[in-house]
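A.B. asks: Below is protein22.cif; it holds mmCIF, C-alpha atoms (C1' of nucleotides).
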```cif
data_coords
loop_
_atom_site.group_PDB
_atom_site.id
_atom_site.type_symbol
_atom_site.label_atom_id
_atom_site.label_comp_id
_atom_site.auth_asym_id
_atom_site.auth_seq_id
_atom_site.Cartn_x
_atom_site.Cartn_y
_atom_site.Cartn_z
ATOM 1 C CA MET O 267 -12.795 -49.421 17.999
ATOM 2 C CA THR O 268 -12.001 -50.156 14.418
ATOM 3 C CA GLU O 269 -13.226 -53.379 12.902
ATOM 4 C CA TYR O 270 -12.617 -54.629 9.402
ATOM 5 C CA VAL O 271 -15.301 -55.270 6.825
ATOM 6 C CA PRO O 272 -14.640 -57.658 3.932
ATOM 7 C CA VAL O 273 -15.527 -55.876 0.684
ATOM 8 C CA SER O 274 -14.969 -57.108 -2.851
ATOM 9 C CA GLU O 275 -15.575 -55.476 -6.210
ATOM 10 C CA GLY O 276 -18.069 -58.083 -7.385
ATOM 11 C CA GLU O 277 -19.791 -60.872 -5.547
ATOM 12 C CA LEU O 278 -17.254 -63.442 -6.695
ATOM 13 C CA ASP O 279 -14.090 -61.390 -6.291
ATOM 14 C CA GLU O 280 -11.577 -61.609 -3.466
ATOM 15 C CA PRO O 281 -12.496 -59.270 -0.599
ATOM 16 C CA ILE O 282 -10.327 -56.542 0.824
ATOM 17 C CA GLU O 283 -10.808 -55.736 4.488
ATOM 18 C CA LEU O 284 -11.755 -52.101 5.028
ATOM 19 C CA PRO O 285 -11.611 -50.260 8.367
ATOM 20 C CA THR O 286 -14.716 -48.816 9.984
ATOM 21 C CA GLU O 287 -14.966 -45.504 11.839
ATOM 22 C CA GLU O 288 -15.315 -44.959 15.587
ATOM 23 C CA ASP O 289 -19.087 -45.100 15.325
ATOM 24 C CA GLY O 290 -18.975 -48.436 13.518
ATOM 25 C CA SER O 291 -19.878 -46.954 10.142
ATOM 26 C CA LEU O 292 -17.874 -47.504 6.988
ATOM 27 C CA LEU O 293 -17.100 -44.401 4.955
ATOM 28 C CA LEU O 294 -18.031 -44.528 1.304
ATOM 29 C CA SER O 295 -14.720 -42.790 0.624
ATOM 30 C CA THR O 296 -12.941 -45.745 2.250
ATOM 31 C CA VAL O 297 -14.735 -48.049 -0.162
ATOM 32 C CA SER O 298 -14.122 -45.901 -3.225
ATOM 33 C CA ALA O 299 -10.449 -45.536 -2.282
ATOM 34 C CA GLN O 300 -10.106 -49.226 -3.121
ATOM 35 C CA PHE O 301 -12.877 -49.520 -5.687
ATOM 36 C CA ALA O 302 -12.959 -46.431 -7.856
ATOM 37 C CA GLY O 303 -16.440 -45.440 -8.856
ATOM 38 C CA ALA O 304 -18.225 -47.529 -6.219
ATOM 39 C CA CYS O 305 -21.372 -45.792 -4.996
ATOM 40 C CA GLY O 306 -22.588 -48.270 -2.377
ATOM 41 C CA LEU O 307 -22.396 -51.782 -0.944
ATOM 42 C CA LYS O 308 -24.620 -54.808 -1.183
ATOM 43 C CA TYR O 309 -24.699 -58.223 0.402
ATOM 44 C CA ARG O 310 -26.743 -61.370 0.454
ATOM 45 C CA ALA O 311 -29.086 -62.205 3.364
ATOM 46 C CA SER O 312 -30.844 -65.584 3.285
ATOM 47 C CA GLY O 313 -30.186 -65.760 -0.425
ATOM 48 C CA ARG O 314 -31.616 -62.350 -1.271
ATOM 49 C CA LEU O 315 -29.716 -59.250 -2.279
ATOM 50 C CA ARG O 316 -29.680 -56.368 0.161
ATOM 51 C CA GLY O 317 -28.232 -52.884 0.008
ATOM 52 C CA VAL O 318 -26.274 -51.292 2.833
ATOM 53 C CA ARG O 319 -27.813 -48.121 4.237
ATOM 54 C CA LEU O 320 -25.929 -45.044 3.087
ATOM 55 C CA VAL O 321 -26.481 -41.636 4.680
ATOM 56 C CA ASP O 322 -24.133 -38.681 4.292
ATOM 57 C CA GLU O 323 -21.369 -40.813 2.787
ATOM 58 C CA ARG O 324 -21.476 -43.227 5.764
ATOM 59 C CA LEU O 325 -22.401 -46.860 5.303
ATOM 60 C CA SER O 326 -24.211 -48.287 8.358
ATOM 61 C CA PRO O 327 -23.741 -51.887 9.438
ATOM 62 C CA PRO O 328 -26.747 -54.178 9.116
ATOM 63 C CA ALA O 329 -28.607 -54.897 12.391
ATOM 64 C CA GLU O 330 -26.704 -58.149 12.811
ATOM 65 C CA GLY O 331 -23.356 -56.339 12.519
ATOM 66 C CA TRP O 332 -20.703 -56.177 9.781
ATOM 67 C CA PRO O 333 -19.170 -59.636 10.400
ATOM 68 C CA ALA O 334 -22.429 -61.449 9.584
ATOM 69 C CA HIS O 335 -21.899 -60.952 5.846
ATOM 70 C CA ARG O 336 -19.434 -60.196 3.170
ATOM 71 C CA TYR O 337 -20.030 -57.228 0.931
ATOM 72 C CA TRP O 338 -19.399 -56.122 -2.587
ATOM 73 C CA CYS O 339 -19.660 -52.869 -4.428
ATOM 74 C CA ALA O 340 -22.519 -51.215 -6.213
ATOM 75 C CA PHE O 341 -21.553 -49.125 -9.199
ATOM 76 C CA PRO O 342 -23.513 -46.486 -11.050
ATOM 77 C CA ARG O 343 -25.522 -47.872 -13.902
ATOM 78 C CA ILE O 344 -23.563 -47.571 -17.074
ATOM 79 C CA ASP O 345 -25.083 -44.971 -19.331
ATOM 80 C CA PRO O 346 -28.215 -46.357 -20.868
ATOM 81 C CA PRO O 347 -27.674 -46.874 -24.574
ATOM 82 C CA PRO O 348 -28.929 -43.890 -26.556
ATOM 83 C CA PRO O 349 -32.324 -44.483 -28.078
ATOM 84 C CA ARG O 350 -32.035 -46.240 -31.360
ATOM 85 C CA PRO O 351 -32.767 -44.135 -34.407
ATOM 86 C CA ARG O 352 -35.981 -45.274 -35.916
ATOM 87 C CA CYS O 353 -36.322 -46.810 -39.328
ATOM 88 C CA SER O 354 -37.743 -44.683 -42.083
ATOM 89 C CA ASP O 355 -39.355 -45.722 -45.290
ATOM 90 C CA LEU O 356 -36.659 -46.215 -47.887
ATOM 91 C CA ILE O 357 -37.071 -45.644 -51.569
ATOM 92 C CA VAL O 358 -35.682 -48.243 -53.948
ATOM 93 C CA LEU O 359 -34.817 -46.649 -57.260
ATOM 94 C CA GLY O 360 -34.032 -48.296 -60.531
ATOM 95 C CA LEU O 361 -36.023 -51.480 -60.197
ATOM 96 C CA PRO O 362 -36.380 -53.503 -63.366
ATOM 97 C CA TRP O 363 -39.847 -53.202 -64.844
ATOM 98 C CA LYS O 364 -40.483 -56.859 -64.306
ATOM 99 C CA THR O 365 -39.592 -56.823 -60.618
ATOM 100 C CA GLY O 366 -42.518 -57.239 -58.268
ATOM 101 C CA GLU O 367 -42.897 -57.025 -54.552
ATOM 102 C CA GLU O 368 -42.042 -60.680 -53.999
ATOM 103 C CA ALA O 369 -38.607 -60.259 -55.550
ATOM 104 C CA VAL O 370 -37.964 -57.029 -53.638
ATOM 105 C CA ARG O 371 -39.020 -58.695 -50.410
ATOM 106 C CA GLU O 372 -36.865 -61.705 -51.064
ATOM 107 C CA TYR O 373 -33.833 -59.569 -51.870
ATOM 108 C CA PHE O 374 -34.000 -57.110 -48.971
ATOM 109 C CA GLY O 375 -35.206 -59.751 -46.536
ATOM 110 C CA ALA O 376 -31.568 -60.839 -46.437
ATOM 111 C CA PHE O 377 -30.695 -57.516 -44.755
ATOM 112 C CA GLY O 378 -33.262 -57.861 -42.000
ATOM 113 C CA GLU O 379 -36.930 -58.167 -41.218
ATOM 114 C CA LEU O 380 -39.092 -56.101 -43.538
ATOM 115 C CA LEU O 381 -42.178 -54.277 -42.328
ATOM 116 C CA MET O 382 -43.280 -52.976 -45.705
ATOM 117 C CA VAL O 383 -42.596 -53.554 -49.370
ATOM 118 C CA GLN O 384 -44.226 -51.658 -52.198
ATOM 119 C CA VAL O 385 -43.567 -51.476 -55.899
ATOM 120 C CA LYS O 386 -45.194 -48.426 -57.427
ATOM 121 C CA ARG O 387 -47.271 -49.080 -60.515
ATOM 122 C CA ASP O 388 -49.208 -47.071 -63.025
ATOM 123 C CA ALA O 389 -52.821 -47.161 -61.897
ATOM 124 C CA ARG O 390 -54.136 -47.740 -65.415
ATOM 125 C CA THR O 391 -51.654 -50.116 -66.922
ATOM 126 C CA GLY O 392 -50.428 -51.796 -63.762
ATOM 127 C CA LEU O 393 -46.877 -51.465 -65.065
ATOM 128 C CA SER O 394 -44.109 -50.846 -62.558
ATOM 129 C CA LYS O 395 -42.845 -47.304 -62.333
ATOM 130 C CA GLY O 396 -39.374 -48.640 -61.645
ATOM 131 C CA PHE O 397 -39.230 -47.737 -57.988
ATOM 132 C CA GLY O 398 -40.703 -48.830 -54.734
ATOM 133 C CA PHE O 399 -40.546 -48.446 -50.976
ATOM 134 C CA ILE O 400 -39.386 -50.686 -48.191
ATOM 135 C CA LYS O 401 -39.174 -50.377 -44.441
ATOM 136 C CA PHE O 402 -37.030 -52.447 -42.134
ATOM 137 C CA ALA O 403 -37.853 -53.402 -38.571
ATOM 138 C CA GLU O 404 -34.310 -52.841 -37.330
ATOM 139 C CA TYR O 405 -32.263 -49.710 -37.854
ATOM 140 C CA GLU O 406 -29.144 -51.826 -38.321
ATOM 141 C CA ALA O 407 -30.750 -53.427 -41.338
ATOM 142 C CA GLN O 408 -31.511 -49.985 -42.746
ATOM 143 C CA VAL O 409 -27.896 -48.979 -42.266
ATOM 144 C CA ARG O 410 -26.759 -52.138 -44.006
ATOM 145 C CA ALA O 411 -29.010 -51.469 -46.963
ATOM 146 C CA LEU O 412 -28.166 -47.781 -47.342
ATOM 147 C CA GLY O 413 -24.986 -46.677 -48.979
ATOM 148 C CA ARG O 414 -24.451 -49.555 -51.327
ATOM 149 C CA ARG O 415 -25.992 -50.680 -54.520
ATOM 150 C CA HIS O 416 -28.202 -53.657 -54.926
ATOM 151 C CA MET O 417 -28.389 -56.054 -57.823
ATOM 152 C CA ILE O 418 -32.031 -56.983 -58.196
ATOM 153 C CA ASP O 419 -33.242 -59.052 -61.143
ATOM 154 C CA GLY O 420 -30.138 -58.117 -63.084
ATOM 155 C CA ARG O 421 -30.117 -54.378 -62.455
ATOM 156 C CA TRP O 422 -28.287 -52.160 -60.025
ATOM 157 C CA CYS O 423 -30.745 -50.412 -57.748
ATOM 158 C CA ASP O 424 -30.313 -47.630 -55.226
ATOM 159 C CA VAL O 425 -31.737 -47.435 -51.741
ATOM 160 C CA ARG O 426 -32.109 -43.985 -50.251
ATOM 161 C CA ILE O 427 -34.035 -42.090 -47.672
ATOM 162 C CA PRO O 428 -36.902 -40.498 -49.579
ATOM 163 C CA ASN O 429 -37.179 -36.782 -50.164
ATOM 164 C CA GLY O 430 -39.509 -34.664 -48.133
ATOM 165 C CA LYS O 431 -39.289 -34.342 -44.394
ATOM 166 C CA GLU O 432 -36.626 -36.962 -44.056
ATOM 167 C CA GLY O 433 -34.781 -35.534 -47.010
ATOM 168 C CA ALA O 434 -34.366 -32.200 -45.273
ATOM 169 C CA ALA O 435 -32.384 -33.956 -42.558
ATOM 170 C CA ALA O 436 -30.235 -35.507 -45.243
ATOM 171 C CA ALA O 437 -28.997 -32.039 -46.170
ATOM 172 C CA HIS O 438 -27.114 -31.963 -42.879
ATOM 173 C CA ARG O 439 -25.445 -35.236 -43.692
ATOM 174 C CA LYS O 440 -24.158 -34.059 -47.025
ATOM 175 C CA VAL O 441 -21.130 -32.021 -47.998
ATOM 176 C CA PHE O 442 -20.303 -30.170 -51.151
ATOM 177 C CA VAL O 443 -16.873 -31.051 -52.492
ATOM 178 C CA GLY O 444 -15.559 -28.244 -54.636
ATOM 179 C CA ARG O 445 -12.537 -27.996 -56.959
ATOM 180 C CA CYS O 446 -12.845 -31.576 -58.077
ATOM 181 C CA THR O 447 -10.970 -32.597 -61.177
ATOM 182 C CA GLU O 448 -12.178 -35.072 -63.709
ATOM 183 C CA SER O 449 -9.630 -37.564 -62.415
ATOM 184 C CA LEU O 450 -11.563 -37.963 -59.176
ATOM 185 C CA THR O 451 -14.085 -40.745 -59.545
ATOM 186 C CA ALA O 452 -17.052 -41.391 -57.322
ATOM 187 C CA ASP O 453 -15.184 -44.406 -55.991
ATOM 188 C CA ASP O 454 -12.126 -42.295 -55.175
ATOM 189 C CA LEU O 455 -14.284 -39.946 -53.163
ATOM 190 C CA ARG O 456 -16.149 -42.722 -51.406
ATOM 191 C CA GLU O 457 -12.981 -44.535 -50.506
ATOM 192 C CA TYR O 458 -11.348 -41.376 -49.225
ATOM 193 C CA PHE O 459 -14.254 -40.110 -47.157
ATOM 194 C CA ALA O 460 -15.117 -43.521 -45.723
ATOM 195 C CA ALA O 461 -12.223 -42.920 -43.339
ATOM 196 C CA PHE O 462 -14.295 -40.207 -41.643
ATOM 197 C CA GLY O 463 -17.551 -42.119 -41.326
ATOM 198 C CA GLN O 464 -19.995 -44.280 -43.205
ATOM 199 C CA VAL O 465 -20.672 -42.791 -46.595
ATOM 200 C CA THR O 466 -24.191 -43.349 -47.855
ATOM 201 C CA ASP O 467 -23.983 -41.520 -51.145
ATOM 202 C CA VAL O 468 -21.503 -40.004 -53.552
ATOM 203 C CA PHE O 469 -22.670 -37.929 -56.456
ATOM 204 C CA VAL O 470 -20.380 -36.852 -59.283
ATOM 205 C CA PRO O 471 -22.155 -34.848 -61.982
ATOM 206 C CA ARG O 472 -21.839 -36.028 -65.502
ATOM 207 C CA PRO O 473 -20.794 -34.522 -67.764
ATOM 208 C CA PHE O 474 -17.946 -33.288 -65.651
ATOM 209 C CA ARG O 475 -18.431 -30.341 -63.376
ATOM 210 C CA ALA O 476 -15.878 -29.336 -60.806
ATOM 211 C CA PHE O 477 -17.780 -30.486 -57.740
ATOM 212 C CA SER O 478 -19.284 -33.542 -56.108
ATOM 213 C CA PHE O 479 -21.526 -34.395 -53.204
ATOM 214 C CA VAL O 480 -20.722 -36.834 -50.437
ATOM 215 C CA THR O 481 -23.401 -37.881 -47.962
ATOM 216 C CA PHE O 482 -22.577 -39.466 -44.609
ATOM 217 C CA LEU O 483 -24.733 -41.485 -42.289
ATOM 218 C CA ASP O 484 -23.785 -39.231 -39.375
ATOM 219 C CA PRO O 485 -24.534 -35.513 -39.741
ATOM 220 C CA GLU O 486 -21.781 -34.740 -37.241
ATOM 221 C CA VAL O 487 -19.193 -36.176 -39.622
ATOM 222 C CA ALA O 488 -20.456 -33.952 -42.410
ATOM 223 C CA ARG O 489 -20.481 -30.903 -40.169
ATOM 224 C CA SER O 490 -16.959 -31.528 -38.924
ATOM 225 C CA LEU O 491 -15.546 -31.629 -42.445
ATOM 226 C CA CYS O 492 -17.073 -28.360 -43.609
ATOM 227 C CA GLY O 493 -14.598 -25.574 -44.255
ATOM 228 C CA GLN O 494 -11.667 -27.926 -44.696
ATOM 229 C CA ASP O 495 -9.416 -28.494 -47.653
ATOM 230 C CA HIS O 496 -8.474 -32.093 -48.365
ATOM 231 C CA ILE O 497 -6.031 -33.593 -50.804
ATOM 232 C CA ILE O 498 -7.440 -36.592 -52.612
ATOM 233 C CA LYS O 499 -5.224 -38.302 -55.153
ATOM 234 C CA GLY O 500 -3.124 -35.151 -55.299
ATOM 235 C CA VAL O 501 -6.131 -32.906 -55.875
ATOM 236 C CA SER O 502 -6.862 -30.179 -53.343
ATOM 237 C CA VAL O 503 -10.610 -30.121 -52.875
ATOM 238 C CA ASN O 504 -12.660 -27.788 -50.720
ATOM 239 C CA ILE O 505 -15.465 -29.040 -48.514
ATOM 240 C CA SER O 506 -18.461 -26.961 -47.595
ATOM 241 C CA SER O 507 -22.028 -27.552 -46.596
ATOM 242 C CA ALA O 508 -24.391 -28.670 -49.307
ATOM 243 C CA SER O 509 -27.107 -26.169 -49.967
ATOM 244 C CA PRO O 510 -30.568 -27.456 -50.764
ATOM 245 C CA LYS O 511 -31.303 -28.352 -54.294
ATOM 246 C CA ARG O 512 -33.230 -25.675 -56.106
ATOM 247 C CA ALA O 513 -36.914 -26.303 -56.348
ATOM 248 C CA GLY O 514 -38.297 -26.259 -59.812
ATOM 249 C CA GLY O 515 -39.518 -28.673 -62.402
ATOM 250 C CA ALA O 516 -41.463 -31.678 -61.304
ATOM 251 C CA GLY O 517 -41.348 -32.884 -57.775
ATOM 252 C CA GLY O 518 -38.928 -30.377 -56.308
ATOM 253 C CA SER O 519 -40.419 -29.155 -53.061
ATOM 254 C CA GLY O 520 -37.635 -27.234 -51.443
ATOM 255 C CA GLY O 521 -34.976 -29.437 -49.981
ATOM 256 C CA GLY O 522 -34.462 -32.256 -52.369
ATOM 257 C CA ALA O 523 -31.447 -33.671 -50.661
ATOM 258 C CA SER O 524 -30.987 -37.272 -51.470
ATOM 259 C CA VAL O 525 -29.271 -40.025 -49.634
ATOM 260 C CA GLY O 526 -28.484 -43.450 -50.756
ATOM 261 C CA GLY O 527 -26.473 -45.713 -52.874
ATOM 262 C CA ALA O 528 -25.081 -45.584 -56.308
ATOM 263 C CA THR O 529 -26.925 -44.996 -59.452
ATOM 264 C CA ALA O 530 -26.812 -46.482 -62.863
ATOM 265 C CA GLY O 531 -27.596 -43.463 -64.913
ATOM 266 C CA ALA O 532 -29.997 -43.626 -67.772
ATOM 267 C CA GLY O 533 -29.685 -40.470 -69.764
ATOM 268 C CA ALA O 534 -27.278 -37.745 -70.675
ATOM 269 C CA GLY O 535 -26.438 -35.523 -67.770
ATOM 270 C CA SER O 536 -26.814 -38.192 -65.167
ATOM 271 C CA GLY O 537 -24.291 -38.371 -62.408
ATOM 272 C CA ALA O 538 -21.947 -41.105 -61.392
ATOM 273 C CA ARG O 539 -22.330 -42.738 -58.018
ATOM 274 C CA ALA O 540 -20.185 -45.209 -56.249
ATOM 275 C CA GLY O 541 -21.017 -47.997 -53.880
ATOM 276 C CA TRP O 542 -18.658 -49.854 -51.621
ATOM 277 C CA PRO O 543 -15.209 -49.883 -53.114
ATOM 278 C CA THR O 544 -14.670 -53.247 -51.490
ATOM 279 C CA LEU O 545 -17.228 -54.702 -53.833
ATOM 280 C CA GLY O 546 -14.807 -53.937 -56.594
ATOM 281 C CA TRP O 547 -17.250 -52.895 -59.200
ATOM 282 C CA ALA O 548 -16.456 -50.186 -61.669
ATOM 283 C CA PRO O 549 -18.790 -47.231 -61.738
ATOM 284 C CA ASP O 550 -16.961 -45.733 -64.659
ATOM 285 C CA ALA O 551 -18.281 -48.566 -66.718
ATOM 286 C CA TRP O 552 -21.738 -47.133 -66.159
ATOM 287 C CA PRO O 553 -24.136 -46.118 -67.348
ATOM 288 C CA LEU O 554 -24.387 -48.920 -69.811
ATOM 289 C CA PRO O 555 -26.119 -47.853 -72.961
ATOM 290 C CA PRO O 556 -29.677 -49.145 -72.843
ATOM 291 C CA THR O 557 -28.997 -51.332 -75.843
ATOM 292 C CA HIS O 558 -26.474 -53.287 -73.821
ATOM 293 C CA LEU O 559 -28.998 -54.170 -71.178
ATOM 294 C CA PRO O 560 -31.307 -57.128 -71.133
ATOM 295 C CA ILE O 561 -34.691 -56.278 -72.496
ATOM 296 C CA ASP O 562 -36.315 -56.618 -69.130
ATOM 297 C CA SER O 563 -33.894 -54.364 -67.319
ATOM 298 C CA LYS O 564 -33.747 -51.132 -69.182
ATOM 299 C CA PRO O 565 -32.760 -48.118 -67.188
ATOM 300 C CA TYR O 566 -35.318 -46.378 -65.132
ATOM 301 C CA LEU O 567 -37.020 -43.658 -67.118
ATOM 302 C CA LYS O 568 -40.152 -42.175 -65.729
ATOM 303 C CA TYR O 569 -43.175 -42.599 -67.954
ATOM 304 C CA GLU O 570 -41.271 -44.559 -70.536
ATOM 305 C "C1'" DG W 76 -15.943 -24.273 -65.232
ATOM 306 C "C1'" DT W 77 -17.719 -24.624 -56.669
ATOM 307 C "C1'" DT W 78 -24.638 -27.018 -55.569
ATOM 308 C "C1'" DG W 79 -27.287 -32.944 -57.249
ATOM 309 C "C1'" DA W 80 -32.054 -37.439 -61.425
ATOM 310 C "C1'" DG W 81 -35.693 -40.255 -61.192
ATOM 311 C "C1'" DC W 82 -39.746 -39.871 -54.862
ATOM 312 C "C1'" DG W 83 -45.178 -42.683 -52.614
ATOM 313 C "C1'" DT W 84 -53.357 -42.414 -55.776
ATOM 314 C "C1'" DT W 85 -54.077 -43.875 -49.782
#
```
Kindly return the structure encoded in the file as structure tokens.

C.D. replies:
Amino acid sequence: MTEYVPVSEGELDEPIELPTEEDGSLLLSTVSAQFAGACGLKYRASGRLRGVRLVDERLSPPAEGWPAHRYWCAFPRIDPPPPRPRCSDLIVLGLPWKTGEEAVREYFGAFGELLMVQVKRDARTGLSKGFGFIKFAEYEAQVRALGRRHMIDGRWCDVRIPNGKEGAAAAHRKVFVGRCTESLTADDLREYFAAFGQVTDVFVPRPFRAFSFVTFLDPEVARSLCGQDHIIKGVSVNISSASPKRAGGAGGSGGGASVGGATAGAGAGSGARAGWPTLGWAPDAWPLPPTHLPIDSKPYLKYE
DNA sequence: GTTGAGCGTT
């Protein structure tokens, strides 16, 4: 004969009485009819949690019978969070000559715990080369630091994922934006494309050329945009995948894709980059002529 | 006028 088993969704919820079968078992389908997604039952016996035996979709009563306890549902484990992306070394470009590791550590320490800080120096003279490397403990800190510019000791600095192995992956996060007009600033592009995903870099060649590069944090965002035409400030631009930079000259070893924040250019031919529009700074005001900069914060020029 | 700046003594 049918008896009724009190079952609730969670331990503290109000039970619903569910009918058993002729053989005294409770069908899992009877449970899931009331509690969608339930995959079993549990109860408490002398303070400890116990599971109800389940064979072939039938839940068997405990030895002491159904009425001895009240029951609640077991649900499948929610999907385990995907493994966190790991932190990579990050290059910090454009450091003032005077800036040492202490200042870099103090500045980026505000973004999260730092595992490594280096300022690269000339072996002979000990003078800073104007760049360094950092590594965060937490990926979230890395994300916070990428894709915006950083004012360190009076100069705007860029944080990017270094070239090389990591840089090759950056190629998949970057799109080529063709048919740009001169009216489209790096900030315009960053603001527009931020709607599709976090933008970590915008590059607009200077002097003007009719293209730009936009790098996203998520390669899937970049991929999804390829092949599309978009209208930005009335300009129809075409988006395609960014092909690797051509090797050649110093340092180019194949895929020189870069990722990172904005850049204060130093010489003719440098590009314009934009950071977070919300910061409200004006990239078109850059690069400042070196003579307008404090003596201790001239633009980064290798070997100068 | 459709492909980019600079990248690590180990």

A.B. asks: Just say which residues the PyMOL selection byres ((chain W) within 7 of (chain O)) picks in this file, as a ChimeraX atom specification.

C.D. replies: /W:76-82

A.B. asks: Between CA of Ser502 (chain O) and CA of Thr447 (chain O), what is the distance in Å, rounded to a tenth?

C.D. replies: 9.2 Å

A.B. asks: So which residues touch Thr268 (chain O) within 10 Å, counting all atoms listed in the file, skipping near sequence neighbours fewer than 2 positions away, as a ChimeraX atom specification?

C.D. replies: /O:270-271,284-292

A.B. asks: Between O:Glu269, O:Arg387, O:His496, O:Ser298, which one has atoms that come closest to Pro327 (chain O), using all atoms listed in the file?

C.D. replies: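 Going through O:Glu269, O:Arg387, O:His496, O:Ser298 one by one, the smallest distance to Pro327 (chain O) is for O:Glu269.
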
A.B. asks: Find the distance between CA of Leu381 (chain O) and CA of Lys401 (chain O) and write it in Å to one decimal.

C.D. replies: 5.4 Å

A.B. asks: What is the distance between CA of Val370 (chain O) and CA of Gly463 (chain O), in Å to one decimal?

C.D. replies: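 A separation of 28.1 Å between them.
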
A.B. asks: If the box runs along x, y and z of the file and leaves 3 Å on each side of region 478-490 of chain O, what are its centre and edge lengths in Å, one decimal, as JSON?

C.D. replies:
```
{"center_x": -20.8, "center_y": -36.2, "center_z": -46.7, "size_x": 13.8, "size_y": 16.6, "size_z": 24.9}
```

A.B. asks: Give me the result of the PyMOL selection byres ((chain O and resi 334) around 12) on this file, residue by residue, as a ChimeraX atom specification.

C.D. replies: /O:270-272,309-312,327-333,335-337

A.B. asks: Got time to write the residues from that selection, C-alpha atoms, as a compact mmCIF listing (two decimals), in the frame of the given file?

C.D. replies:
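Contents of selection_37.txt, as written:
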```txt
# COMPACT_ATOMS: atom_id res chain seq x y z
CA TYR O 270 -12.62 -54.63 9.40
CA VAL O 271 -15.30 -55.27 6.82
CA PRO O 272 -14.64 -57.66 3.93
CA TYR O 309 -24.70 -58.22 0.40
CA ARG O 310 -26.74 -61.37 0.45
CA ALA O 311 -29.09 -62.20 3.36
CA SER O 312 -30.84 -65.58 3.28
CA PRO O 327 -23.74 -51.89 9.44
CA PRO O 328 -26.75 -54.18 9.12
CA ALA O 329 -28.61 -54.90 12.39
CA GLU O 330 -26.70 -58.15 12.81
CA GLY O 331 -23.36 -56.34 12.52
CA TRP O 332 -20.70 -56.18 9.78
CA PRO O 333 -19.17 -59.64 10.40
CA HIS O 335 -21.90 -60.95 5.85
CA ARG O 336 -19.43 -60.20 3.17
CA TYR O 337 -20.03 -57.23 0.93
```
